[in-house]
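See below for entry.csv, which holds CSV, C-alpha atoms and all ligand atoms.
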```csv
chain,number,residue,atom,x,y,z
A,27,MET,CA,-116.0,3.7,63.5
A,28,LYS,CA,-115.0,0.5,61.9
A,29,GLN,CA,-117.8,-2.1,61.7
A,30,LEU,CA,-116.0,-5.5,61.4
A,31,ILE,CA,-115.4,-7.5,64.5
A,32,HIS,CA,-112.4,-8.9,62.7
A,33,ASP,CA,-110.7,-5.6,63.3
A,34,ILE,CA,-110.5,-6.6,66.9
A,35,SER,CA,-108.6,-9.8,66.5
A,36,PRO,CA,-105.2,-8.2,65.7
A,37,LEU,CA,-105.7,-6.1,68.9
A,38,ILE,CA,-105.9,-9.2,71.1
A,39,GLU,CA,-103.2,-11.3,69.5
A,40,THR,CA,-100.8,-10.5,72.3
A,41,PRO,CA,-101.7,-10.4,76.1
A,42,GLN,CA,-103.5,-7.1,77.0
A,43,GLN,CA,-104.6,-5.3,80.1
A,44,ILE,CA,-108.4,-5.2,79.5
A,45,VAL,CA,-111.2,-3.3,81.2
A,46,ILE,CA,-114.7,-4.4,80.4
A,47,THR,CA,-117.6,-2.1,81.4
A,48,HIS,CA,-121.3,-1.6,80.9
A,49,HIS,CA,-124.2,0.8,81.6
A,50,TYR,CA,-125.4,2.2,85.0
A,51,ASN,CA,-127.8,-0.1,86.8
A,52,ALA,CA,-126.5,-3.3,85.2
A,53,ASP,CA,-129.1,-5.8,84.0
A,54,ALA,CA,-128.5,-9.4,83.1
A,55,ASP,CA,-127.4,-8.5,79.6
A,56,ALA,CA,-124.9,-5.9,80.7
A,57,LEU,CA,-123.4,-8.1,83.4
A,58,GLY,CA,-123.8,-11.4,81.5
A,59,SER,CA,-122.0,-10.1,78.4
A,60,SER,CA,-119.3,-8.5,80.5
A,61,LEU,CA,-118.6,-11.6,82.6
A,62,GLY,CA,-119.0,-13.9,79.5
A,63,LEU,CA,-116.3,-11.8,77.7
A,64,TYR,CA,-114.2,-11.7,80.9
A,65,HIS,CA,-114.1,-15.5,81.1
A,66,TYR,CA,-113.3,-15.8,77.4
A,67,LEU,CA,-110.5,-13.2,77.3
A,68,THR,CA,-109.0,-14.5,80.5
A,69,LEU,CA,-108.8,-18.0,78.9
A,70,LYS,CA,-107.1,-16.3,76.0
A,71,GLY,CA,-104.3,-15.1,78.4
A,72,HIS,CA,-105.4,-11.5,78.9
A,73,LYS,CA,-105.6,-9.7,82.3
A,74,CYS,CA,-109.2,-8.6,82.6
A,75,ILE,CA,-111.1,-6.4,85.1
A,76,VAL,CA,-114.9,-5.9,84.9
A,77,VAL,CA,-116.0,-2.4,86.0
A,78,SER,CA,-119.6,-1.6,86.9
A,79,PRO,CA,-120.7,2.0,87.4
A,80,ASN,CA,-122.8,1.1,90.4
A,81,GLY,CA,-122.8,-2.6,91.0
A,82,MET,CA,-125.5,-5.2,90.3
A,83,PRO,CA,-128.8,-6.3,91.8
A,84,ASP,CA,-128.8,-9.2,94.2
A,85,PHE,CA,-130.5,-11.6,91.7
A,86,LEU,CA,-127.4,-11.4,89.5
A,87,GLN,CA,-124.7,-12.0,92.1
A,88,TRP,CA,-124.6,-15.8,91.5
A,89,MET,CA,-123.0,-15.2,88.1
A,90,PRO,CA,-119.6,-16.8,87.8
A,91,ALA,CA,-116.9,-14.2,88.9
A,92,ALA,CA,-119.6,-11.5,89.8
A,93,TYR,CA,-117.8,-11.1,93.1
A,94,LYS,CA,-114.7,-9.8,91.2
A,95,VAL,CA,-116.5,-6.9,89.6
A,96,LEU,CA,-115.2,-3.5,90.6
A,97,LYS,CA,-117.9,-1.0,91.5
A,98,PHE,CA,-117.1,2.6,90.6
A,99,ASP,CA,-119.4,4.0,93.3
A,100,GLU,CA,-117.7,2.0,96.0
A,101,GLN,CA,-114.1,1.4,94.7
A,102,ARG,CA,-113.5,4.6,92.9
A,103,ASN,CA,-109.7,4.6,93.2
A,104,GLU,CA,-109.2,1.0,92.1
A,105,VAL,CA,-111.5,1.7,89.1
A,106,ILE,CA,-109.6,4.8,88.0
A,107,THR,CA,-106.2,2.9,88.3
A,108,ALA,CA,-107.6,0.0,86.3
A,109,ILE,CA,-108.8,2.3,83.5
A,110,GLU,CA,-105.4,4.2,83.5
A,111,LYS,CA,-103.5,0.9,83.1
A,112,ALA,CA,-105.8,-0.6,80.5
A,113,THR,CA,-104.7,-1.0,76.9
A,114,LEU,CA,-108.2,-2.0,75.7
A,115,LEU,CA,-111.5,-0.9,77.0
A,116,PHE,CA,-114.6,-3.0,76.0
A,117,CYS,CA,-117.8,-1.0,76.3
A,118,LEU,CA,-120.8,-3.4,76.4
A,119,ASP,CA,-124.5,-3.0,76.2
A,120,PHE,CA,-124.5,0.8,75.9
A,121,ASN,CA,-124.2,3.3,73.0
A,122,GLN,CA,-123.2,6.5,74.7
A,123,PHE,CA,-120.7,7.1,77.5
A,124,SER,CA,-123.3,9.1,79.4
A,125,ARG,CA,-125.1,5.8,80.0
A,126,THR,CA,-122.4,5.1,82.6
A,127,LYS,CA,-123.2,8.4,84.5
A,128,GLU,CA,-120.2,9.5,86.7
A,129,LEU,CA,-117.9,6.9,85.2
A,130,ALA,CA,-118.3,8.5,81.7
A,131,PRO,CA,-115.4,11.1,81.8
A,132,PHE,CA,-112.9,8.5,82.9
A,133,LEU,CA,-113.9,6.2,80.1
A,134,GLU,CA,-113.9,9.0,77.5
A,135,ASN,CA,-110.4,10.2,78.5
A,136,ALA,CA,-108.9,6.8,78.8
A,137,LYS,CA,-105.7,6.2,76.7
A,138,ALA,CA,-106.9,2.6,75.9
A,139,LYS,CA,-108.5,1.8,72.6
A,140,LYS,CA,-112.3,1.8,73.0
A,141,ILE,CA,-114.3,-1.0,71.6
A,142,ILE,CA,-118.1,-1.0,71.6
A,143,ILE,CA,-120.2,-4.2,71.4
A,144,ASP,CA,-123.8,-3.2,71.6
A,145,HIS,CA,-127.3,-3.5,70.2
A,146,HIS,CA,-128.9,-0.1,70.9
A,147,LEU,CA,-129.8,2.3,68.2
A,148,ASN,CA,-127.8,5.4,67.4
A,149,PRO,CA,-124.3,4.7,68.8
A,150,ASP,CA,-121.9,7.6,69.6
A,151,LYS,CA,-119.1,8.1,67.1
A,152,ASN,CA,-116.3,8.3,69.7
A,153,PHE,CA,-115.5,4.5,70.0
A,154,ASP,CA,-112.4,3.4,68.1
A,155,PHE,CA,-113.6,-0.1,67.0
A,156,GLY,CA,-116.5,-2.4,67.4
A,157,VAL,CA,-119.9,-3.4,66.4
A,158,SER,CA,-123.3,-1.9,66.9
A,159,LYS,CA,-126.1,-4.1,65.7
A,160,PRO,CA,-129.7,-3.1,66.7
A,161,SER,CA,-131.0,-6.2,65.0
A,162,LYS,CA,-129.3,-8.4,67.6
A,163,SER,CA,-131.4,-9.7,70.6
A,164,SER,CA,-128.8,-8.9,73.2
A,165,THR,CA,-125.2,-8.0,73.8
A,166,CYS,CA,-124.8,-11.6,75.1
A,167,GLU,CA,-125.7,-12.9,71.6
A,168,MET,CA,-123.1,-10.5,70.1
A,169,ILE,CA,-120.4,-11.9,72.5
A,170,PHE,CA,-121.3,-15.4,71.5
A,171,ASP,CA,-121.0,-14.4,67.8
A,172,PHE,CA,-117.7,-12.7,68.5
A,173,ILE,CA,-116.2,-15.8,70.2
A,174,ASN,CA,-117.4,-17.9,67.2
A,175,GLU,CA,-115.9,-15.4,64.7
A,176,MET,CA,-112.7,-15.7,66.6
A,177,GLY,CA,-112.8,-19.5,65.9
A,178,ASP,CA,-113.1,-20.2,69.6
A,179,ASN,CA,-116.4,-22.0,70.0
A,180,ALA,CA,-114.6,-24.8,71.7
A,181,LEU,CA,-113.5,-22.4,74.5
A,182,ILE,CA,-117.1,-21.8,75.6
A,183,ASN,CA,-117.3,-23.4,79.0
A,184,LEU,CA,-120.1,-23.6,81.6
A,185,ASP,CA,-119.2,-20.2,83.2
A,186,ILE,CA,-119.4,-18.4,79.8
A,187,ALA,CA,-122.6,-20.3,78.8
A,188,GLN,CA,-124.4,-19.3,82.1
A,189,CYS,CA,-123.4,-15.6,81.7
A,190,LEU,CA,-124.4,-15.4,78.0
A,191,TYR,CA,-127.7,-17.3,78.5
A,192,SER,CA,-128.8,-14.9,81.2
A,193,GLY,CA,-128.7,-11.8,78.9
A,194,VAL,CA,-130.2,-13.5,75.9
A,195,MET,CA,-133.0,-14.9,78.0
A,196,THR,CA,-133.9,-11.6,79.7
A,197,ASP,CA,-133.4,-9.3,76.7
A,198,THR,CA,-135.8,-11.5,74.6
A,199,GLY,CA,-138.4,-11.6,77.4
A,200,SER,CA,-137.8,-15.3,77.7
A,201,PHE,CA,-137.6,-15.8,74.0
A,202,LYS,CA,-140.8,-14.0,72.9
A,203,PHE,CA,-139.7,-10.6,71.6
A,204,PRO,CA,-139.3,-10.2,67.8
A,205,SER,CA,-135.5,-10.1,68.2
A,206,THR,CA,-135.6,-13.8,69.0
A,207,SER,CA,-134.1,-15.0,65.7
A,208,ALA,CA,-133.2,-18.5,64.6
A,209,ASN,CA,-129.6,-17.6,65.6
A,210,VAL,CA,-130.8,-17.0,69.2
A,211,HIS,CA,-132.3,-20.5,69.3
A,212,LEU,CA,-129.2,-22.0,67.7
A,213,MET,CA,-127.1,-20.3,70.3
A,214,VAL,CA,-129.1,-21.7,73.2
A,215,ALA,CA,-129.0,-25.1,71.6
A,216,ASP,CA,-125.2,-24.9,71.4
A,217,LEU,CA,-124.9,-23.7,75.0
A,218,MET,CA,-127.2,-26.6,76.2
A,219,GLN,CA,-125.1,-29.1,74.3
A,220,LYS,CA,-122.2,-27.7,76.2
A,221,GLY,CA,-123.9,-28.6,79.5
A,222,LEU,CA,-126.0,-25.4,80.3
A,223,VAL,CA,-129.2,-26.1,82.3
A,224,PRO,CA,-131.6,-23.2,81.7
A,225,THR,CA,-134.3,-23.7,84.5
A,226,PRO,CA,-132.1,-22.7,87.5
A,227,ILE,CA,-131.1,-19.5,85.6
A,228,HIS,CA,-134.7,-18.6,85.0
A,229,GLN,CA,-135.4,-19.2,88.7
A,230,ALA,CA,-132.4,-17.3,90.0
A,231,ILE,CA,-133.3,-14.2,87.9
A,232,LEU,CA,-137.1,-14.3,87.6
A,233,ASP,CA,-138.3,-16.1,90.7
A,234,ASN,CA,-136.2,-14.3,93.2
A,235,TYR,CA,-138.3,-11.4,94.4
A,236,GLN,CA,-139.3,-10.4,97.9
A,237,GLU,CA,-142.9,-10.4,99.0
A,238,ASN,CA,-143.1,-6.6,99.0
A,239,ARG,CA,-142.4,-6.5,95.2
A,240,LEU,CA,-145.5,-8.7,94.5
A,241,ARG,CA,-147.7,-6.6,96.9
A,242,PHE,CA,-146.5,-3.5,95.2
A,243,LEU,CA,-147.3,-5.0,91.8
A,244,GLY,CA,-150.8,-5.8,92.9
A,245,TYR,CA,-151.3,-2.3,94.3
A,246,ILE,CA,-150.1,-0.5,91.1
A,247,LEU,CA,-152.0,-2.8,88.7
A,248,SER,CA,-155.2,-2.3,90.6
A,249,GLU,CA,-154.9,1.3,91.7
A,250,LYS,CA,-152.3,3.1,89.5
A,251,MET,CA,-152.6,1.9,86.0
A,252,LEU,CA,-154.3,4.3,83.7
A,253,LEU,CA,-155.6,3.2,80.2
A,254,PHE,CA,-156.0,5.6,77.3
A,255,PRO,CA,-158.0,3.5,74.8
A,256,GLU,CA,-158.2,6.3,72.3
A,257,TYR,CA,-154.4,6.2,72.1
A,258,ASN,CA,-154.1,2.4,72.6
A,259,SER,CA,-151.8,3.3,75.4
A,260,ALA,CA,-151.4,2.8,79.2
A,261,ILE,CA,-149.3,4.5,81.9
A,262,ILE,CA,-148.3,3.6,85.4
A,263,ALA,CA,-146.8,6.5,87.4
A,264,VAL,CA,-145.6,6.0,91.0
A,265,SER,CA,-144.4,8.5,93.5
A,266,ARG,CA,-141.4,8.4,95.8
A,267,GLU,CA,-143.8,7.9,98.8
A,268,GLU,CA,-145.3,4.8,97.1
A,269,LEU,CA,-141.9,3.3,96.3
A,270,ASN,CA,-140.8,4.0,99.9
A,271,LYS,CA,-144.0,2.6,101.4
A,272,TYR,CA,-143.4,-0.8,99.7
A,273,LYS,CA,-139.6,-0.6,100.2
A,274,ILE,CA,-139.0,-0.8,96.4
A,275,ASN,CA,-135.4,-0.7,95.1
A,276,THR,CA,-134.4,0.2,91.6
A,277,GLY,CA,-134.2,-3.5,90.4
A,278,ASP,CA,-137.7,-4.3,91.8
A,279,THR,CA,-139.4,-2.2,89.1
A,280,GLU,CA,-137.7,-4.0,86.2
A,281,GLY,CA,-140.3,-5.6,83.9
A,282,ILE,CA,-143.4,-3.9,85.4
A,283,VAL,CA,-143.8,-1.7,82.3
A,284,ASN,CA,-144.6,-4.9,80.3
A,285,TYR,CA,-147.8,-5.8,82.1
A,286,PRO,CA,-150.2,-3.3,80.4
A,287,LEU,CA,-149.1,-4.7,77.0
A,288,SER,CA,-150.8,-7.9,77.9
A,289,ILE,CA,-154.2,-6.1,77.6
A,290,LYS,CA,-155.9,-6.5,74.3
A,291,ASN,CA,-155.7,-3.3,72.2
A,292,ILE,CA,-152.8,-1.7,74.3
A,293,ILE,CA,-149.7,-1.3,72.1
A,294,PHE,CA,-147.8,1.3,74.0
A,295,SER,CA,-147.0,1.2,77.7
A,296,THR,CA,-145.1,3.7,80.0
A,297,PHE,CA,-143.8,3.3,83.5
A,298,ILE,CA,-142.8,6.4,85.4
A,299,SER,CA,-141.1,6.4,88.8
A,300,GLU,CA,-139.9,9.2,91.0
A,301,ARG,CA,-136.3,8.6,91.9
A,302,ASP,CA,-133.9,10.6,94.1
A,303,ASN,CA,-132.7,13.2,91.6
A,304,GLU,CA,-134.9,12.6,88.6
A,305,ILE,CA,-138.0,11.0,87.1
A,306,ARG,CA,-137.2,7.7,85.4
A,307,MET,CA,-139.3,6.5,82.5
A,308,SER,CA,-139.6,3.2,80.7
A,309,PHE,CA,-141.4,2.7,77.4
A,310,ARG,CA,-142.4,-0.5,75.7
A,311,SER,CA,-144.5,-1.1,72.5
A,312,LYS,CA,-145.8,-3.8,70.3
A,313,GLY,CA,-145.4,-3.7,66.5
A,314,ASP,CA,-144.4,-0.6,64.6
A,315,PHE,CA,-144.7,2.2,67.3
A,316,ASN,CA,-141.1,3.4,67.7
A,317,VAL,CA,-140.4,4.1,71.4
A,318,ASN,CA,-136.8,4.9,70.7
A,319,ILE,CA,-137.9,7.9,68.8
A,320,PHE,CA,-140.6,8.7,71.4
A,321,ALA,CA,-138.0,8.7,74.2
A,322,ARG,CA,-135.6,10.8,72.2
A,323,ASN,CA,-138.1,13.3,71.1
A,324,TYR,CA,-139.8,13.9,74.5
A,325,PHE,CA,-137.8,12.5,77.3
A,326,ASN,CA,-134.1,12.9,76.7
A,327,GLY,CA,-133.6,9.1,76.3
A,328,GLY,CA,-133.5,6.3,73.7
A,329,GLY,CA,-133.0,2.6,73.4
A,330,HIS,CA,-134.6,0.2,70.9
A,331,HIS,CA,-137.6,0.2,68.6
A,332,ASN,CA,-139.9,-1.6,71.1
A,333,ALA,CA,-138.1,-0.9,74.4
A,334,SER,CA,-136.6,2.4,75.5
A,335,GLY,CA,-136.0,4.6,78.5
A,336,GLY,CA,-135.8,8.3,79.4
A,337,ARG,CA,-136.0,10.9,82.1
A,338,SER,CA,-137.6,14.1,83.1
A,339,ASP,CA,-136.4,16.8,85.5
A,340,VAL,CA,-139.7,18.4,86.1
A,341,SER,CA,-142.2,17.2,88.7
A,342,LEU,CA,-144.2,13.9,88.4
A,343,SER,CA,-147.4,15.7,87.5
A,344,GLU,CA,-145.7,18.0,85.0
A,345,THR,CA,-144.1,14.9,83.4
A,346,ILE,CA,-147.5,13.2,83.1
A,347,LYS,CA,-148.9,16.4,81.4
A,348,ILE,CA,-146.0,16.3,78.9
A,349,TYR,CA,-146.6,12.6,78.3
A,350,LYS,CA,-150.3,13.2,77.6
A,351,GLN,CA,-149.5,15.9,75.1
A,352,ALA,CA,-147.0,13.6,73.5
A,353,LEU,CA,-149.6,10.9,73.2
A,354,ASP,CA,-151.9,13.4,71.4
A,355,ASP,CA,-149.1,14.4,69.1
A,356,ASN,CA,-148.7,10.7,68.1
A,357,LYS,CA,-152.4,9.9,68.0
A,358,LYS,CA,-152.5,9.1,64.2
A,359,GLN,CA,-149.3,7.0,64.4
A,360,LEU,CA,-150.6,5.0,67.4
A,361,LYS,CA,-153.8,4.3,65.7
A,362,GLN,CA,-152.1,3.2,62.5
A,363,CYS,CA,-149.7,0.9,64.4
A,364,TYR,CA,-152.6,-0.6,66.3
A,365,LEU,CA,-154.5,-1.2,63.0
A,366,ASP,CA,-151.4,-2.8,61.4
A,367,LEU,CA,-151.4,-5.4,64.2
A,368,GLN,CA,-155.0,-6.4,63.7
B,401,LIG,P1,-135.4,0.2,80.7
B,401,LIG,O1,-136.8,0.7,80.5
B,401,LIG,O2,-135.3,-1.3,81.0
B,401,LIG,O3,-134.6,1.0,81.7
B,401,LIG,O4,-134.7,0.5,79.3
B,401,LIG,C1,-135.1,-0.1,78.1
B,401,LIG,C2,-134.1,-0.1,77.1
B,401,LIG,O5,-133.8,1.3,76.7
B,401,LIG,C3,-132.8,-0.7,77.6
B,401,LIG,O6,-132.2,-1.4,76.5
B,401,LIG,C4,-131.9,0.5,77.9
B,401,LIG,O7,-130.6,0.2,77.7
B,401,LIG,C5,-132.4,1.6,77.0
B,401,LIG,N1,-132.4,2.9,77.7
B,401,LIG,C6,-132.9,3.2,78.8
B,401,LIG,N2,-132.7,4.5,79.1
B,401,LIG,C7,-132.0,5.0,78.1
B,401,LIG,C8,-131.5,6.3,77.8
B,401,LIG,O8,-131.7,7.3,78.6
B,401,LIG,N3,-130.8,6.5,76.7
B,401,LIG,C9,-130.7,5.5,75.8
B,401,LIG,N4,-130.0,5.7,74.7
B,401,LIG,N5,-131.1,4.2,76.0
B,401,LIG,C10,-131.8,4.0,77.2
B,402,MN,MN,-129.0,-5.4,76.3
```
Can the structure in the file be given as structure tokens, please?
Amino acid sequence: MKQLIHDISPLIETPQQIVITHHYNADADALGSSLGLYHYLTLKGHKCIVVSPNGMPDFLQWMPAAYKVLKFDEQRNEVITAIEKATLLFCLDFNQFSRTKELAPFLENAKAKKIIIDHHLNPDKNFDFGVSKPSKSSTCEMIFDFINEMGDNALINLDIAQCLYSGVMTDTGSFKFPSTSANVHLMVADLMQKGLVPTPIHQAILDNYQENRLRFLGYILSEKMLLFPEYNSAIIAVSREELNKYKINTGDTEGIVNYPLSIKNIIFSTFISERDNEIRMSFRSKGDFNVNIFARNYFNGGGHHNASGGRSDVSLSETIKIYKQALDDNKKQLKQCYLDLQ
């Protein structure tokens, strides 16, 4: 795979039929980067379609042109036709086709040139072009860099700015994670100078929950969170019954995994939820403890150094047993990472 974004510029010199896609259960970075790129490439004279494996949560539907996104689970035939017609396929915010679930074989078999722009570790080899930069805060930051490298900073309008700001804000945990580089702040300054107003975006994304989500949060923090001080770790595991009781949808559990990390001495947090066909797991850490490796080694997943996800196809209680054994396997490392932070 070629590394230089400059390889892409000859590909888009003449008008192309472009499909832009992202991972299953789109978050603000997946959707923001896709729509940011959509607005930019449309301004450049290309015909673009954004395709989502399964749509987006309600709190992202305000994004400019979100209503135009084709959803594979609802508009299967339109999506297949768009992919067949495409000359270029931009794959954003994911590193393996399997992260798009049922859409994966259609993307893999597409005739279009496949371009990855992503910041997850360990990208697949089967993309034709693109960039994979785990040091980057977000795919939105990478789209901003791409537009600048194309010499098109002046084309960044309010639509593009709002989309790109959303992903960089959420993927940096509102500008607090270590990936929040000087470049991130320069990007935000540039977007604000172009007219972006951040507060309504924070409110639209972060202050837009239903009452049940907060009640659920109260319940799990008080009743379900388990601490393992000897491993500097915490886990929250919730069953399908509990999710149903509080009418919790997939998007509602986003971010809950971070709460235990606000406890002094906790450097590794895990959130487990029992979904329809599998057990979903989220991992977060502070400092050197590598949850990308933890997710890959034990739970068929991956992601970043301090934020990753995985899954398990055994029962919830079996999964917790495997997790406890995995904690014990990593005891020394957890202790060392904790000490390094002191
Ligand atoms: P989350 O816990 O928010 O679902 O995921 C945390 C991070 O890990 C996200 O950046 C997500 O893209 C990544 N991630 C989640 N699940 C997987 C997985 O199964 N494989 C890989 N490679 N990355 C994942
Ligand atoms: Mn991302």
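Counting all atoms listed in the file and comparing A:Asp278, A:Asp53, A:Glu128, A:Glu256, the residue that lies closest to ligand LIG 401 (chain B) is A:Asp53.
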Subject >> segment 305-312 of chain A environment, 6 Å, only C-alpha atoms, sequence neighbours closer than 3 positions dropped, as a ChimeraX atom specification >> reply: /A:293-301,332-338
Can you write out the residues you just picked, keeping C-alpha atoms, as a PDB file, in the coordinates of the input?
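Saved as result-v4.pdb:
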```
ATOM      1  CA  ILE A 293    -149.700  -1.300  72.100  1.00  0.00           C
ATOM      2  CA  PHE A 294    -147.800   1.300  74.000  1.00  0.00           C
ATOM      3  CA  SER A 295    -147.000   1.200  77.700  1.00  0.00           C
ATOM      4  CA  THR A 296    -145.100   3.700  80.000  1.00  0.00           C
ATOM      5  CA  PHE A 297    -143.800   3.300  83.500  1.00  0.00           C
ATOM      6  CA  ILE A 298    -142.800   6.400  85.400  1.00  0.00           C
ATOM      7  CA  SER A 299    -141.100   6.400  88.800  1.00  0.00           C
ATOM      8  CA  GLU A 300    -139.900   9.200  91.000  1.00  0.00           C
ATOM      9  CA  ARG A 301    -136.300   8.600  91.900  1.00  0.00           C
ATOM     10  CA  ASN A 332    -139.900  -1.600  71.100  1.00  0.00           C
ATOM     11  CA  ALA A 333    -138.100  -0.900  74.400  1.00  0.00           C
ATOM     12  CA  SER A 334    -136.600   2.400  75.500  1.00  0.00           C
ATOM     13  CA  GLY A 335    -136.000   4.600  78.500  1.00  0.00           C
ATOM     14  CA  GLY A 336    -135.800   8.300  79.400  1.00  0.00           C
ATOM     15  CA  ARG A 337    -136.000  10.900  82.100  1.00  0.00           C
ATOM     16  CA  SER A 338    -137.600  14.100  83.100  1.00  0.00           C
TER      17      SER A 338
END
```
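The smallest atom-to-atom distance between His49 of chain A and any of A:Ile142, A:Ala112, A:Leu360, A:Ile34, using all atoms listed in the file, is found for A:Ile142.
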Excluding segment 237-243 of chain A and any residue of its chain fewer than 3 positions from it, enumerate the residues within 8 Å of it, using only C-alpha atoms, and give them as a PDB file with C-alpha atoms, keeping the file's coordinate frame.
```
ATOM      1  CA  ILE A 246    -150.100  -0.500  91.100  1.00  0.00           C
ATOM      2  CA  LEU A 247    -152.000  -2.800  88.700  1.00  0.00           C
ATOM      3  CA  TYR A 272    -143.400  -0.800  99.700  1.00  0.00           C
ATOM      4  CA  LYS A 273    -139.600  -0.600 100.200  1.00  0.00           C
ATOM      5  CA  ILE A 274    -139.000  -0.800  96.400  1.00  0.00           C
ATOM      6  CA  ASP A 278    -137.700  -4.300  91.800  1.00  0.00           C
ATOM      7  CA  ILE A 282    -143.400  -3.900  85.400  1.00  0.00           C
TER       8      ILE A 282
END
```
Subject >> Shell around segment 143-145 of chain A at 8 Å using only C-alpha atoms, local window under 4 positions removed, as an NGL selection string >> reply: :A and (116-121 or 156-165 or 168-169)
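The nearest approach to ligand MN 402 (chain B) among the residues A:Val105, A:Ala54, A:Ala321, A:Ala91, with only C-alpha atoms and all ligand atoms taken into account, belongs to A:Ala54.
From atom CA of Ile292 of chain A back to atom CA of Thr345 of chain A, the distance works out to 20.8 Å.
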**OP:** For Ile182 of chain A, list every protein, DNA or RNA residue within 8 Å, evaluated using all atoms listed in the file, and leave out those in the same chain fewer than 3 positions away; present the list as a ChimeraX atom specification.
**Re:** /A:66,178-179,186-187,220
**OP:** Choose the residue, out of A:Pro149, A:Pro90, A:Gly193, A:Gly281, that has the smallest atom-to-atom separation from Val214 of chain A; count all atoms listed in the file.
**Re:** A:Gly193
**OP:** May I ask for the distance between atom CA of Thr113 of chain A and atom CA of Leu63 of chain A, given in Å to one decimal place?
**Re:** 15.9 Å
**OP:** Just the residues within 10 Å of His228 of chain A, please, counting only C-alpha atoms, with nothing from its chain fewer than 5 positions along; format it as a PyMOL selection string.
**Re:** chain A and resi 191-192+195-196+200+223+233-234
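The gap separating atom CA of Ala56 of chain A from atom CA of Lys111 of chain A is 22.6 Å, in Å to one decimal.
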